Structures are given as structure tokens and as C-alpha cells.
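J.: Sharing upload_32.txt, compact mmCIF, C-alpha atoms and all ligand atoms:
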```
# COMPACT_ATOMS: atom_id res chain seq x y z
CA GLN V 1 1.82 21.45 -26.15
CA THR V 2 2.10 22.94 -22.66
CA THR V 3 3.81 21.35 -19.67
CA HIS V 4 0.38 20.90 -18.09
CA ASP V 5 -1.04 18.46 -20.65
CA PHE V 6 -2.53 15.35 -19.09
CA ILE V 7 -5.20 12.68 -19.29
CA PHE V 8 -6.92 11.81 -16.01
CA THR V 9 -9.66 9.22 -15.52
CA ALA V 10 -10.85 9.32 -11.90
CA GLN V 11 -11.78 6.04 -10.18
CA PRO V 12 -15.28 6.06 -8.73
CA ALA V 13 -15.19 5.45 -4.98
CA ARG V 14 -17.17 6.79 -2.07
CA VAL V 15 -15.00 7.77 0.91
CA VAL V 16 -16.23 8.49 4.42
CA PHE V 17 -13.45 9.80 6.65
CA ALA V 18 -14.25 10.42 10.33
CA ARG V 19 -13.64 9.15 13.82
CA GLY V 20 -16.38 6.66 14.56
CA SER V 21 -17.27 6.25 10.87
CA LEU V 22 -17.52 2.47 11.39
CA SER V 23 -20.92 3.17 12.98
CA ARG V 24 -22.16 4.23 9.52
CA LEU V 25 -21.61 0.73 8.20
CA PRO V 26 -25.30 -0.34 8.14
CA GLN V 27 -26.28 2.84 6.26
CA GLU V 28 -23.48 2.33 3.75
CA VAL V 29 -24.53 -1.30 3.18
CA GLU V 30 -28.11 -0.20 2.61
CA ALA V 31 -26.96 2.52 0.23
CA LEU V 32 -25.47 -0.26 -1.92
CA GLY V 33 -28.80 -2.12 -1.81
CA ALA V 34 -27.21 -5.10 -0.05
CA HIS V 35 -28.80 -7.29 2.64
CA ARG V 36 -26.38 -10.16 3.27
CA VAL V 37 -22.92 -8.98 4.32
CA LEU V 38 -19.91 -11.19 4.89
CA VAL V 39 -17.25 -9.56 7.10
CA LEU V 40 -13.67 -10.48 6.16
CA CYS V 41 -10.63 -10.29 8.47
CA THR V 42 -7.46 -12.05 9.58
CA PRO V 43 -7.57 -14.26 12.69
CA GLN V 44 -5.71 -11.43 14.52
CA GLN V 45 -8.51 -8.94 13.84
CA ARG V 46 -11.44 -11.20 14.60
CA ASP V 47 -12.61 -8.90 17.45
CA GLN V 48 -12.84 -5.85 15.19
CA ALA V 49 -14.70 -7.92 12.59
CA GLU V 50 -17.13 -9.27 15.21
CA ALA V 51 -17.81 -5.69 16.31
CA ALA V 52 -18.59 -4.75 12.69
CA ALA V 53 -20.89 -7.79 12.32
CA LYS V 54 -22.67 -6.82 15.53
CA LEU V 55 -23.28 -3.32 14.19
CA LEU V 56 -24.75 -4.85 11.06
CA GLY V 57 -27.13 -7.04 13.05
CA ALA V 58 -29.56 -8.79 10.68
CA LEU V 59 -27.61 -7.50 7.66
CA SER V 60 -24.65 -9.73 8.58
CA VAL V 61 -24.24 -13.33 7.42
CA GLY V 62 -21.13 -13.80 9.57
CA VAL V 63 -17.40 -13.26 9.92
CA TYR V 64 -14.82 -15.03 7.76
CA ASP V 65 -11.33 -14.80 9.27
CA GLY V 66 -9.37 -16.53 6.51
CA ALA V 67 -7.42 -13.51 5.16
CA GLN V 68 -3.69 -14.25 4.77
CA MET V 69 -0.60 -12.38 3.61
CA HIS V 70 -0.16 -12.28 -0.22
CA VAL V 71 -3.63 -13.81 -0.90
CA PRO V 72 -2.79 -17.45 -1.70
CA ILE V 73 -5.05 -18.79 -4.46
CA GLU V 74 -6.30 -21.68 -2.28
CA GLY V 75 -7.42 -19.19 0.38
CA ALA V 76 -9.12 -17.05 -2.26
CA ARG V 77 -10.99 -20.09 -3.63
CA GLN V 78 -12.20 -21.09 -0.16
CA ALA V 79 -13.35 -17.55 0.57
CA ARG V 80 -15.21 -17.32 -2.76
CA GLU V 81 -16.88 -20.63 -2.03
CA HIS V 82 -17.85 -19.50 1.47
CA ALA V 83 -19.28 -16.21 0.16
CA ARG V 84 -21.36 -18.17 -2.36
CA ALA V 85 -22.50 -20.72 0.24
CA VAL V 86 -23.81 -18.06 2.64
CA GLY V 87 -25.41 -16.09 -0.21
CA ALA V 88 -23.41 -12.92 0.47
CA ASP V 89 -24.35 -9.90 -1.65
CA CYS V 90 -21.64 -7.63 -0.18
CA ALA V 91 -18.32 -8.07 1.64
CA VAL V 92 -16.85 -5.80 4.28
CA ALA V 93 -13.05 -6.09 4.44
CA ILE V 94 -11.79 -4.80 7.79
CA GLY V 95 -8.00 -4.84 8.06
CA GLY V 96 -4.87 -4.13 6.04
CA GLY V 97 -3.82 -4.85 2.47
CA SER V 98 -4.06 -8.61 2.97
CA THR V 99 -7.71 -8.55 4.06
CA ILE V 100 -8.71 -6.00 1.43
CA GLY V 101 -6.78 -8.18 -1.04
CA LEU V 102 -8.97 -11.16 -0.12
CA GLY V 103 -12.07 -9.04 -0.71
CA LYS V 104 -10.69 -8.08 -4.12
CA ALA V 105 -10.01 -11.75 -4.99
CA ILE V 106 -13.67 -12.51 -4.25
CA ALA V 107 -14.89 -9.48 -6.22
CA LEU V 108 -12.72 -10.39 -9.22
CA GLU V 109 -14.84 -13.48 -9.90
CA SER V 110 -18.20 -12.53 -8.45
CA SER V 111 -18.37 -8.71 -8.83
CA LEU V 112 -19.49 -8.69 -5.18
CA PRO V 113 -19.40 -5.05 -3.97
CA ILE V 114 -16.70 -4.46 -1.35
CA ILE V 115 -16.81 -1.99 1.51
CA ALA V 116 -13.25 -1.51 2.80
CA VAL V 117 -12.44 -0.45 6.34
CA PRO V 118 -8.65 -0.02 6.32
CA THR V 119 -6.73 -0.39 9.57
CA THR V 120 -3.18 0.06 8.15
CA TYR V 121 -1.74 2.70 5.82
CA ALA V 122 -1.00 0.43 2.81
CA GLY V 123 -3.64 2.07 0.59
CA SER V 124 -5.08 -0.98 -1.20
CA GLU V 125 -8.62 0.23 -0.50
CA MET V 126 -8.27 3.04 -3.07
CA THR V 127 -6.93 0.94 -5.95
CA PRO V 128 -8.31 -1.39 -8.64
CA ILE V 129 -5.11 -3.46 -8.26
CA TYR V 130 -5.38 -7.06 -7.06
CA GLY V 131 -2.70 -9.62 -6.22
CA ILE V 132 -3.06 -13.38 -5.97
CA THR V 133 -0.23 -15.83 -5.22
CA GLU V 134 -0.17 -19.13 -7.08
CA ALA V 135 2.65 -21.68 -6.86
CA GLY V 136 4.88 -19.15 -5.10
CA LEU V 137 4.36 -16.45 -7.74
CA LYS V 138 2.38 -13.31 -6.98
CA LYS V 139 0.43 -12.10 -9.98
CA THR V 140 -1.02 -8.63 -9.95
CA GLY V 141 -3.51 -7.01 -12.26
CA ARG V 142 -5.95 -4.13 -12.56
CA ASP V 143 -9.69 -4.65 -12.79
CA ALA V 144 -12.45 -2.13 -12.11
CA ARG V 145 -14.53 -4.85 -10.39
CA VAL V 146 -12.11 -5.07 -7.44
CA LEU V 147 -12.12 -1.36 -6.55
CA PRO V 148 -14.01 -1.06 -3.24
CA ARG V 149 -17.32 0.78 -3.72
CA THR V 150 -17.14 2.47 -0.35
CA VAL V 151 -14.24 3.12 2.01
CA LEU V 152 -14.75 3.96 5.68
CA TYR V 153 -11.66 5.54 7.24
CA ASP V 154 -11.96 5.49 11.01
CA PRO V 155 -8.80 6.56 12.90
CA ASP V 156 -10.07 4.81 16.05
CA LEU V 157 -9.56 1.43 14.35
CA SER V 158 -5.85 1.98 13.64
CA VAL V 159 -4.90 2.76 17.25
CA GLY V 160 -4.05 -0.92 17.86
CA LEU V 161 -1.65 -1.12 14.91
CA PRO V 162 1.76 -1.71 16.56
CA VAL V 163 4.19 1.21 16.19
CA GLY V 164 6.69 -0.76 14.07
CA MET V 165 3.98 -1.79 11.60
CA SER V 166 2.53 1.70 11.60
CA VAL V 167 5.91 3.12 10.58
CA THR V 168 6.65 0.64 7.79
CA SER V 169 3.11 0.69 6.47
CA GLY V 170 3.24 4.52 6.49
CA ILE V 171 6.49 4.56 4.52
CA ASN V 172 4.96 2.01 2.14
CA ALA V 173 2.28 4.66 1.54
CA ILE V 174 4.92 7.38 1.05
CA ALA V 175 6.47 5.14 -1.62
CA HIS V 176 3.22 5.20 -3.64
CA ALA V 177 3.21 9.01 -3.54
CA ALA V 178 6.92 9.35 -4.30
CA GLU V 179 6.70 7.18 -7.41
CA GLY V 180 3.41 8.85 -8.33
CA LEU V 181 5.26 12.16 -8.53
CA TYR V 182 7.43 10.91 -11.39
CA ALA V 183 4.89 8.56 -13.01
CA ARG V 184 4.81 8.61 -16.79
CA ASP V 185 1.01 8.92 -16.67
CA GLY V 186 0.98 11.33 -13.73
CA ASN V 187 -1.27 14.37 -13.58
CA PRO V 188 -1.42 17.59 -11.55
CA VAL V 189 -4.22 16.38 -9.26
CA MET V 190 -2.32 13.24 -8.29
CA SER V 191 0.86 15.25 -7.73
CA LEU V 192 -0.97 17.56 -5.32
CA MET V 193 -2.37 14.57 -3.47
CA ALA V 194 1.05 12.88 -3.41
CA GLU V 195 2.83 15.85 -1.92
CA GLU V 196 0.12 16.36 0.71
CA GLY V 197 0.11 12.62 1.50
CA ILE V 198 3.85 12.58 2.17
CA ARG V 199 3.55 15.67 4.34
CA ALA V 200 0.65 14.25 6.39
CA LEU V 201 2.36 10.89 6.91
CA ALA V 202 5.69 12.40 7.96
CA ILE V 203 3.88 14.46 10.63
CA GLY V 204 1.49 11.67 11.64
CA LEU V 205 4.13 8.96 11.93
CA ARG V 206 6.27 11.11 14.21
CA GLY V 207 3.21 11.64 16.40
CA VAL V 208 2.38 7.92 16.46
CA VAL V 209 5.95 7.04 17.50
CA ARG V 210 5.74 9.62 20.30
CA SER V 211 2.32 8.41 21.44
CA PRO V 212 0.70 5.42 19.66
CA SER V 213 -2.79 6.24 20.90
CA ASP V 214 -2.67 9.90 19.78
CA LEU V 215 -5.81 10.05 17.67
CA ALA V 216 -4.84 13.27 15.90
CA ALA V 217 -1.60 11.58 14.75
CA ARG V 218 -3.50 8.43 13.75
CA GLY V 219 -5.88 10.67 11.80
CA ASP V 220 -2.96 12.36 10.00
CA CYS V 221 -1.53 8.96 9.04
CA LEU V 222 -4.85 7.63 7.77
CA TYR V 223 -5.48 10.85 5.83
CA GLY V 224 -2.02 10.44 4.29
CA ALA V 225 -2.79 6.80 3.53
CA TRP V 226 -5.96 7.82 1.67
CA LEU V 227 -4.05 10.38 -0.39
CA CYS V 228 -1.16 8.03 -1.21
CA GLY V 229 -3.47 5.08 -1.90
CA THR V 230 -5.44 7.26 -4.32
CA VAL V 231 -2.21 8.10 -6.15
CA LEU V 232 -1.33 4.39 -6.39
CA GLY V 233 -4.79 3.70 -7.80
CA HIS V 234 -4.49 6.28 -10.57
CA VAL V 235 -0.94 6.27 -11.92
CA GLY V 236 1.72 3.71 -12.81
CA MET V 237 4.58 2.82 -10.50
CA ALA V 238 8.23 2.32 -11.50
CA LEU V 239 11.59 0.98 -10.26
CA HIS V 240 10.87 1.07 -6.54
CA HIS V 241 7.64 -0.93 -6.69
CA LYS V 242 9.13 -3.41 -9.19
CA LEU V 243 12.15 -4.01 -6.95
CA CYS V 244 9.99 -4.52 -3.87
CA HIS V 245 7.70 -6.88 -5.76
CA THR V 246 10.73 -8.91 -6.90
CA LEU V 247 12.32 -9.02 -3.46
CA GLY V 248 9.07 -9.81 -1.67
CA GLY V 249 7.99 -12.48 -4.15
CA SER V 250 11.30 -14.23 -4.80
CA PHE V 251 12.92 -14.02 -1.36
CA ASN V 252 9.81 -13.93 0.79
CA LEU V 253 10.73 -10.62 2.42
CA PRO V 254 8.08 -8.77 4.44
CA HIS V 255 6.15 -6.29 2.25
CA ALA V 256 6.11 -3.01 4.21
CA GLU V 257 9.64 -3.40 5.64
CA THR V 258 11.05 -4.04 2.17
CA HIS V 259 9.40 -0.86 0.87
CA THR V 260 10.79 1.10 3.79
CA ILE V 261 14.36 -0.06 3.21
CA VAL V 262 14.42 0.20 -0.60
CA LEU V 263 12.68 3.58 -1.04
CA PRO V 264 15.63 5.92 -0.25
CA HIS V 265 17.85 3.95 -2.64
CA ALA V 266 15.29 3.89 -5.46
CA LEU V 267 14.87 7.67 -5.06
CA ALA V 268 18.66 8.17 -5.14
CA TYR V 269 18.75 6.11 -8.35
CA ASN V 270 16.05 8.26 -9.97
CA ALA V 271 17.11 11.62 -8.51
CA SER V 272 18.88 13.03 -11.57
CA ALA V 273 16.12 11.89 -13.95
CA ALA V 274 13.18 13.29 -11.94
CA PRO V 275 14.35 16.54 -10.34
CA ILE V 276 10.91 18.13 -9.97
CA ALA V 277 9.47 15.07 -8.23
CA MET V 278 12.49 15.03 -5.89
CA MET V 279 11.98 18.71 -5.10
CA ARG V 280 8.35 18.10 -4.21
CA ILE V 281 9.18 15.09 -1.99
CA ALA V 282 11.90 17.09 -0.23
CA HIS V 283 9.49 20.02 0.15
CA ALA V 284 6.84 17.76 1.72
CA LEU V 285 9.41 16.38 4.17
CA LYS V 286 10.97 19.83 4.78
CA VAL V 287 14.46 18.48 4.01
CA PRO V 288 17.08 19.39 1.38
CA SER V 289 17.12 16.01 -0.44
CA ALA V 290 14.37 13.43 -1.09
CA ALA V 291 16.49 10.27 -0.84
CA SER V 292 18.43 11.11 2.32
CA GLY V 293 15.32 12.77 3.77
CA VAL V 294 13.28 9.56 3.47
CA TYR V 295 16.24 7.59 4.89
CA ASP V 296 16.55 9.92 7.88
CA LEU V 297 12.80 9.88 8.51
CA ALA V 298 12.72 6.06 8.55
CA LYS V 299 15.73 5.94 10.85
CA GLN V 300 14.30 8.50 13.27
CA LEU V 301 11.08 6.48 13.38
CA GLY V 302 13.03 3.33 14.33
CA ALA V 303 12.38 1.37 11.10
CA PRO V 304 14.65 -1.45 9.87
CA MET V 305 17.20 0.12 7.50
CA ALA V 306 19.02 -2.81 5.82
CA LEU V 307 17.81 -5.74 3.71
CA ARG V 308 20.29 -7.96 5.55
CA ASP V 309 18.36 -7.33 8.76
CA ILE V 310 15.04 -8.57 7.34
CA GLY V 311 16.23 -11.89 5.95
CA MET V 312 17.79 -11.11 2.54
CA PRO V 313 20.81 -13.42 2.07
CA GLU V 314 23.91 -11.72 0.64
CA SER V 315 24.45 -14.72 -1.64
CA GLU V 316 21.13 -13.94 -3.39
CA LEU V 317 21.92 -10.33 -4.34
CA ASP V 318 23.13 -11.31 -7.81
CA ARG V 319 19.97 -13.30 -8.47
CA ALA V 320 17.88 -10.35 -7.27
CA VAL V 321 19.66 -8.12 -9.81
CA ASP V 322 19.01 -10.67 -12.59
CA ILE V 323 15.30 -10.88 -11.74
CA ALA V 324 15.02 -7.10 -11.50
CA LEU V 325 16.58 -6.76 -14.97
CA ALA V 326 14.65 -9.63 -16.57
CA ASN V 327 11.40 -7.77 -17.29
CA PRO V 328 12.01 -4.34 -18.71
CA TYR V 329 9.63 -1.65 -17.50
CA TRP V 330 9.38 2.11 -17.69
CA ASN V 331 11.39 4.15 -15.20
CA PRO V 332 12.43 7.81 -15.38
CA ARG V 333 16.07 6.70 -15.48
CA PRO V 334 16.83 3.71 -17.71
CA ILE V 335 17.54 0.46 -15.86
CA GLU V 336 21.32 -0.06 -15.83
CA ALA V 337 22.70 -3.35 -14.53
CA GLN V 338 25.71 -2.00 -12.65
CA ALA V 339 23.75 0.82 -11.00
CA ILE V 340 20.97 -1.57 -9.93
CA ARG V 341 23.62 -3.85 -8.45
CA GLU V 342 24.95 -0.91 -6.43
CA LEU V 343 21.44 0.14 -5.39
CA LEU V 344 20.68 -3.33 -4.01
CA ARG V 345 24.07 -3.58 -2.30
CA ASN V 346 23.47 -0.21 -0.60
CA ALA V 347 19.97 -1.29 0.48
CA TRP V 348 21.37 -4.59 1.76
CA GLU V 349 23.94 -2.77 3.85
CA GLY V 350 21.55 0.02 4.87
CA ARG V 351 23.82 2.87 3.70
CA ARG V 352 22.54 6.44 3.82
CA PRO V 353 22.18 7.78 0.28
CA ARG V 354 23.64 11.19 -0.51
P1 LIG P 1 -1.46 -6.80 6.33
O1 LIG P 1 -2.82 -6.55 5.81
O2 LIG P 1 -0.76 -8.03 5.85
O3 LIG P 1 -1.54 -6.81 7.92
C1 LIG P 1 -0.48 -7.31 8.71
C2 LIG P 1 -1.01 -7.79 10.05
O4 LIG P 1 -1.44 -6.68 10.84
C3 LIG P 1 -2.23 -8.71 9.95
O5 LIG P 1 -2.11 -9.75 10.86
C4 LIG P 1 -3.37 -7.79 10.31
O6 LIG P 1 -4.48 -8.48 10.84
C5 LIG P 1 -2.73 -6.91 11.36
N1 LIG P 1 -3.38 -5.61 11.52
C6 LIG P 1 -3.81 -4.79 10.56
N2 LIG P 1 -4.35 -3.68 11.10
C7 LIG P 1 -4.26 -3.80 12.43
C8 LIG P 1 -4.64 -2.97 13.52
N3 LIG P 1 -5.18 -1.77 13.34
N4 LIG P 1 -4.41 -3.42 14.76
C9 LIG P 1 -3.81 -4.61 14.96
N5 LIG P 1 -3.41 -5.44 13.97
C10 LIG P 1 -3.64 -5.04 12.72
O7 LIG P 1 -0.48 -5.57 6.08
P2 LIG P 1 -0.51 -4.36 5.03
O8 LIG P 1 0.84 -3.77 5.08
O9 LIG P 1 -1.69 -3.49 5.26
O10 LIG P 1 -0.77 -5.06 3.63
C11 LIG P 1 0.25 -5.71 2.92
C12 LIG P 1 -0.33 -6.45 1.73
O11 LIG P 1 -1.18 -5.59 0.99
C13 LIG P 1 0.73 -6.95 0.76
O12 LIG P 1 0.39 -8.24 0.32
C14 LIG P 1 0.66 -5.96 -0.39
O13 LIG P 1 1.07 -6.52 -1.61
C15 LIG P 1 -0.79 -5.59 -0.39
N6 LIG P 1 -1.05 -4.25 -0.94
C16 LIG P 1 -1.84 -4.17 -2.03
C17 LIG P 1 -2.12 -2.93 -2.59
C18 LIG P 1 -3.03 -2.84 -3.78
O14 LIG P 1 -3.31 -1.77 -4.27
N7 LIG P 1 -3.52 -3.95 -4.27
C19 LIG P 1 -1.61 -1.76 -2.01
C20 LIG P 1 -0.80 -1.87 -0.90
C21 LIG P 1 -0.53 -3.13 -0.35
```
Could you write out this file's structure as C-alpha cells?
Ligand code: NAD

T.:
Amino acid sequence: QTTHDFIFTAQPARVVFARGSLSRLPQEVEALGAHRVLVLCTPQQRDQAEAAAKLLGALSVGVYDGAQMHVPIEGARQAREHARAVGADCAVAIGGGSTIGLGKAIALESSLPIIAVPTTYAGSEMTPIYGITEAGLKKTGRDARVLPRTVLYDPDLSVGLPVGMSVTSGINAIAHAAEGLYARDGNPVMSLMAEEGIRALAIGLRGVVRSPSDLAARGDCLYGAWLCGTVLGHVGMALHHKLCHTLGGSFNLPHAETHTIVLPHALAYNASAAPIAMMRIAHALKVPSAASGVYDLAKQLGAPMALRDIGMPESELDRAVDIALANPYWNPRPIEAQAIRELLRNAWEGRRPR
């Protein structure tokens, strides 16, 4: 056995990355052999979706603006019903993880091909992972049917993403890459992509904070999002993603902000067990230490730094620890109750890790 042994099954997806790539939408629909496209969005992004429908002309069967955070099952059922009623043979999801998540919920039952046009950096467009919330519980799973067939990355479309959301969604992407670097089923290709994704996002996010309409910076962020999303789609996640899932689901904390706050602490927890991953993260950020480097980056970018500032009650910290310990999962460092308690306390207070 050599240290380079790995098994790598690549996910089939077609990616078009370019400014103005949205204009290719009709060609991409035709390449899939589709004729009746339903455009999905949130109410906030109706204008962008209308523009996409207009480009599609006779290929469009309308815009459906029912995408919501965390994909509630009722919303997914209504959207599936609507897609059936209008006879859609393809869906275009234009938006962030919530809109792409709605497309995936439709595809899960109907195998409808999805074209994703991501406008945040969350990375859902590159993964076969879906999430649906039923009775307050978010269930996630993997299914090849939900992987978008085609992804159009167009930096022009992310210019309107507010700076605060750009920063937290970008650090959410960095979290995929960071955990990908110590994944049990990691491989050299994903590690290269992860390191490059972190590097591109750190540069791009600084540029976006300086000037939100800087298209080169928006391009760097979206390029980083593609890389990090690809990592998330190919390898398993560990402590950080489990903690964020628990906190988001059980205490209704906002997704990207929670990732941003928890990541430095999860990396500090895993530092001694995954030294090579930490070295690569630090190298990508050009800092001496991964955990404090991610913390400093988030702080410089003006992100929220403490769970107490995004609605996590102190009285619930013990319950959060219990939930985090309830389902054992793989992590490079074993899950130890007292250390997890400290991790969550530090994240709640927003302390800088060493
Ligand atoms: P989001 O999709 O919830 O978007 C947040 C808000 O920003 C929405 O109102 C949206 O319309 C708006 N918005 C998005 N892009 C915009 C733009 N360019 N300009 C103006 N407004 C814009 O946020 P998100 O962080 O992209 O996604 C979070 C969700 O995605 C979570 O539910 C998370 O679990 C899921 N997710 C899933 C995966 C996966 O692989 N399945 C990966 C990452 C995230």
C-alpha cells in the first residue's frame, strides 16, 4: 500500500463557466432534448427568473417562485404538482441552495433533468445531496437523480448578492473544502480542488468586500464555489457539517452564518488529528494556522463571529452537545463530550482559536 491509494468515482455534470453564460440557456436546454422548461426561484429572485424565461421564449412553460429555505415538504409537493400540471420536461433552478434544493426535491420523484444557475457560493449545484424538511426535521440523502445535469456559472448574476451573504456563503463553501481535505474517502483530485477553492474564495471575498460589483472578484468567488461544491459532492463530511446541521435544524439558526461561526472551532478540534489537511488549508490562506486563519479571515470580512449573536440561546448549549453526541459519525478525531462542550462554548462566545 502507498499513501496515494484511493477510489474515486466522478459525478457526471456539465459545467459552463463564463460571464454571460446565462445566454446559453436555450442551447443547453436543447442539448438535453427538453422543450418545456419550468424556471424555479424564490420570490426575491423573480426578476432574474423572468429574464431566464424570456431568454427561453417558447421553450419556457413559466416561472415558479415557491422556493423556500430548507425545502419544506409541503412546498416540495406543491412544486412537484405544478411541474406535472404544466407538463415540464426540465427545470431551471436560478438562485442559491434553497432554490436548487427545490429543483432536487422535484427531480427526486420525477427524474426531471435540472439545469442549475447558482447565484450564491453554497455549492449545492455540484452535489447529489438533497435535503427536505418534514415536521421540523431536515432529512438529507444522496441520490444520483438530483445531481443537476448542467450548471451555468455566470458571475454577472451574483453581483446582487449582498456583501454579508456573499461572505457567509463563501465561508460555507470553504467549509466543504476544509472538511474535504480530511475526509475518510478523500482523494488527491478533490484535495487539489479543495486547496484551490479555499485560495480562490479568500481572494475573491476580500475583493467583493472592497467592491461588491467587482466582476473579477465575483468570478473568483464563483470559481471557488464550483471547486468547493465539487468537493462536497464527492467526499464525506465530518464534525463541522454535523454540528452545523444540528444547530441549524434544532435551533433554527441561519445556515451560512452558522457555518461561518463554527468552522474555526471545528478545525481547532480536528487540528491535531489532521495535520496535513490543516497545512494545506493554512497554505491556501497564506497563514500559519488553519483554525485561527479562517477565524481572522471571517472577522476581516465583517462576518458574525459568535453563535450568541445569531440567536443561539446559552441555555440550549447543553442540549446542542447532547444532540451532537447522539448519532455517532466518523471524524478524524474521536468525538469527546467534554471537548465538544468546549468547542460549542467557544463558538457561542466567538473566541479566537489558537
Ligand atoms: P439561499 O438559497 O437560502 O438564499 C438566501 C436568499 O438570498 C434567498 O432569498 C435568495 O433568493 C437570495 N439570493 C440568492 N442569490 C442572490 C443574488 N445573487 N442576489 C440577490 N439575492 C440572492 O442561500 P444559500 O446559502 O445559497 O443556500 C442555503 C441552503 O442550501 C441551505 O438550506 C443548505 O442546507 C442548502 N445547501 C445544500 C447543499 C447540498 O449539497 N444539497 C449544499 C450547500 C447548501

J.: Compare V:Ala290, V:Leu157, V:Ala13, V:Ala339 by their minimum atom-to-atom distance to ligand LIG 1 (chain P), counting all atoms listed in the file, and give me the closest one.

T.: V:Leu157

J.: Dump the neighbourhood of ligand LIG 1 (chain P) as a JSON list (two decimals) with C-alpha atoms, in the frame of the given file: all residues within 8 Å, distances computed on all atoms listed in the file.

T.:
```
[["chain", "number", "residue", "atom", "x", "y", "z"],
["V", 41, "CYS", "CA", -10.63, -10.29, 8.47],
["V", 42, "THR", "CA", -7.46, -12.05, 9.58],
["V", 43, "PRO", "CA", -7.57, -14.26, 12.69],
["V", 44, "GLN", "CA", -5.71, -11.43, 14.52],
["V", 45, "GLN", "CA", -8.51, -8.94, 13.84],
["V", 68, "GLN", "CA", -3.69, -14.25, 4.77],
["V", 69, "MET", "CA", -0.60, -12.38, 3.61],
["V", 70, "HIS", "CA", -0.16, -12.28, -0.22],
["V", 71, "VAL", "CA", -3.63, -13.81, -0.90],
["V", 95, "GLY", "CA", -8.00, -4.84, 8.06],
["V", 96, "GLY", "CA", -4.87, -4.13, 6.04],
["V", 97, "GLY", "CA", -3.82, -4.85, 2.47],
["V", 98, "SER", "CA", -4.06, -8.61, 2.97],
["V", 99, "THR", "CA", -7.71, -8.55, 4.06],
["V", 100, "ILE", "CA", -8.71, -6.00, 1.43],
["V", 101, "GLY", "CA", -6.78, -8.18, -1.04],
["V", 118, "PRO", "CA", -8.65, -0.02, 6.32],
["V", 119, "THR", "CA", -6.73, -0.39, 9.57],
["V", 120, "THR", "CA", -3.18, 0.06, 8.15],
["V", 121, "TYR", "CA", -1.74, 2.70, 5.82],
["V", 122, "ALA", "CA", -1.00, 0.43, 2.81],
["V", 123, "GLY", "CA", -3.64, 2.07, 0.59],
["V", 124, "SER", "CA", -5.08, -0.98, -1.20],
["V", 125, "GLU", "CA", -8.62, 0.23, -0.50],
["V", 126, "MET", "CA", -8.27, 3.04, -3.07],
["V", 127, "THR", "CA", -6.93, 0.94, -5.95],
["V", 128, "PRO", "CA", -8.31, -1.39, -8.64],
["V", 129, "ILE", "CA", -5.11, -3.46, -8.26],
["V", 130, "TYR", "CA", -5.38, -7.06, -7.06],
["V", 131, "GLY", "CA", -2.70, -9.62, -6.22],
["V", 140, "THR", "CA", -1.02, -8.63, -9.95],
["V", 157, "LEU", "CA", -9.56, 1.43, 14.35],
["V", 158, "SER", "CA", -5.85, 1.98, 13.64],
["V", 159, "VAL", "CA", -4.90, 2.76, 17.25],
["V", 160, "GLY", "CA", -4.05, -0.92, 17.86],
["V", 161, "LEU", "CA", -1.65, -1.12, 14.91],
["V", 162, "PRO", "CA", 1.76, -1.71, 16.56],
["V", 165, "MET", "CA", 3.98, -1.79, 11.60],
["V", 168, "THR", "CA", 6.65, 0.64, 7.79],
["V", 169, "SER", "CA", 3.11, 0.69, 6.47],
["V", 172, "ASN", "CA", 4.96, 2.01, 2.14],
["V", 173, "ALA", "CA", 2.28, 4.66, 1.54],
["V", 229, "GLY", "CA", -3.47, 5.08, -1.90],
["V", 232, "LEU", "CA", -1.33, 4.39, -6.39],
["V", 233, "GLY", "CA", -4.79, 3.70, -7.80],
["V", 245, "HIS", "CA", 7.70, -6.88, -5.76],
["V", 255, "HIS", "CA", 6.15, -6.29, 2.25],
["V", 256, "ALA", "CA", 6.11, -3.01, 4.21]]
```

J.: Could you check which of V:His240, V:Arg280, V:Arg333, V:His82 is closest to Ala347 of chain V, using only C-alpha atoms?

T.: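 Using only C-alpha atoms, Ala347 of chain V sits closest to V:His240.
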
J.: My list of candidates is V:Ala200, V:Cys221, V:Ala291, V:Leu40. Which is closest to Pro275 of chain V when distances are computed with only C-alpha atoms?

T.: V:Ala291

J.: Can you pull out every residue within 9 Å of Pro304 of chain V, counting all atoms listed in the file, but drop anything in the same chain fewer than 5 positions away, and send it as a PyMOL selection string?

T.: chain V and resi 168+257-258+260-261+298-299+309-310+350

J.: Given the choices V:Asn346, V:Cys228, V:Asp185, V:Phe251, which gets closest to Pro264 of chain V if the distance is worked out from only C-alpha atoms?

T.: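 Smallest distance to Pro264 of chain V is found for V:Asn346.
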
J.: Which value, in Å to one decimal, gives the distance between atom CA of Cys90 of chain V and atom CA of Ala144 of chain V?

T.: 16.0 Å

J.: So, counting all atoms listed in the file, which residue among V:Leu301, V:Leu137, V:Ile323, V:Leu152 is closest to Ala93 of chain V?

T.: V:Leu152

J.: Which residue out of V:Ser21, V:Gln11, V:Gln338, V:Ser250 has the minimum interatomic distance to Lys138 of chain V when all atoms listed in the file are used?

T.: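 Answer, going by the shortest atom-to-atom distance: V:Ser250.
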
J.: Report, in Å to a single decimal, how far apart atom CA of Val37 of chain V and atom CA of Ala58 of chain V are.

T.: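 Separation between atom CA of Ala58 of chain V and atom CA of Val37 of chain V: 9.2 Å.
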
J.: Go ahead and compute the interatomic distance for atom CA of Asn270 of chain V and atom CA of Ser166 of chain V, in Å to one decimal.

T.: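 Here the two named atoms are 26.3 Å from each other.
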
J.: Show me the residues close to (-18.3, -14.6, 1.6) - anything with an atom within 10 Å, counting only C-alpha atoms - and format the list as a VMD selection string.

T.: chain V and resid 36 to 40 61 to 64 78 to 92 103 106 to 107 112

J.: List every protein, DNA or RNA residue that has at least one atom no more than 12 Å from (25.6, -10.8, -3.5) in the file's coordinates, counting only C-alpha atoms, and write the result as a short mmCIF file (atom, residue, chain, number, x, y, z; two decimals) with C-alpha atoms, in the frame of the given file.

T.:
```cif
data_model
loop_
_atom_site.label_atom_id
_atom_site.label_comp_id
_atom_site.auth_asym_id
_atom_site.auth_seq_id
_atom_site.Cartn_x
_atom_site.Cartn_y
_atom_site.Cartn_z
CA LEU V 307 17.81 -5.74 3.71
CA ARG V 308 20.29 -7.96 5.55
CA MET V 312 17.79 -11.11 2.54
CA PRO V 313 20.81 -13.42 2.07
CA GLU V 314 23.91 -11.72 0.64
CA SER V 315 24.45 -14.72 -1.64
CA GLU V 316 21.13 -13.94 -3.39
CA LEU V 317 21.92 -10.33 -4.34
CA ASP V 318 23.13 -11.31 -7.81
CA ARG V 319 19.97 -13.30 -8.47
CA ALA V 320 17.88 -10.35 -7.27
CA VAL V 321 19.66 -8.12 -9.81
CA ASP V 322 19.01 -10.67 -12.59
CA ARG V 341 23.62 -3.85 -8.45
CA GLU V 342 24.95 -0.91 -6.43
CA LEU V 343 21.44 0.14 -5.39
CA LEU V 344 20.68 -3.33 -4.01
CA ARG V 345 24.07 -3.58 -2.30
CA ASN V 346 23.47 -0.21 -0.60
CA ALA V 347 19.97 -1.29 0.48
CA TRP V 348 21.37 -4.59 1.76
CA GLU V 349 23.94 -2.77 3.85
#
```

J.: If you take every atom of segment 220-236 of chain V that the file lists and fit an axis-aligned box around them with 8 Å extra on each side, what centre and edge lengths come out in Å to one decimal, as AutoDock Vina command-line options?

T.:
```
--center_x -2.1 --center_y 8.0 --center_z -1.4 --size_x 23.7 --size_y 24.7 --size_z 38.8
```
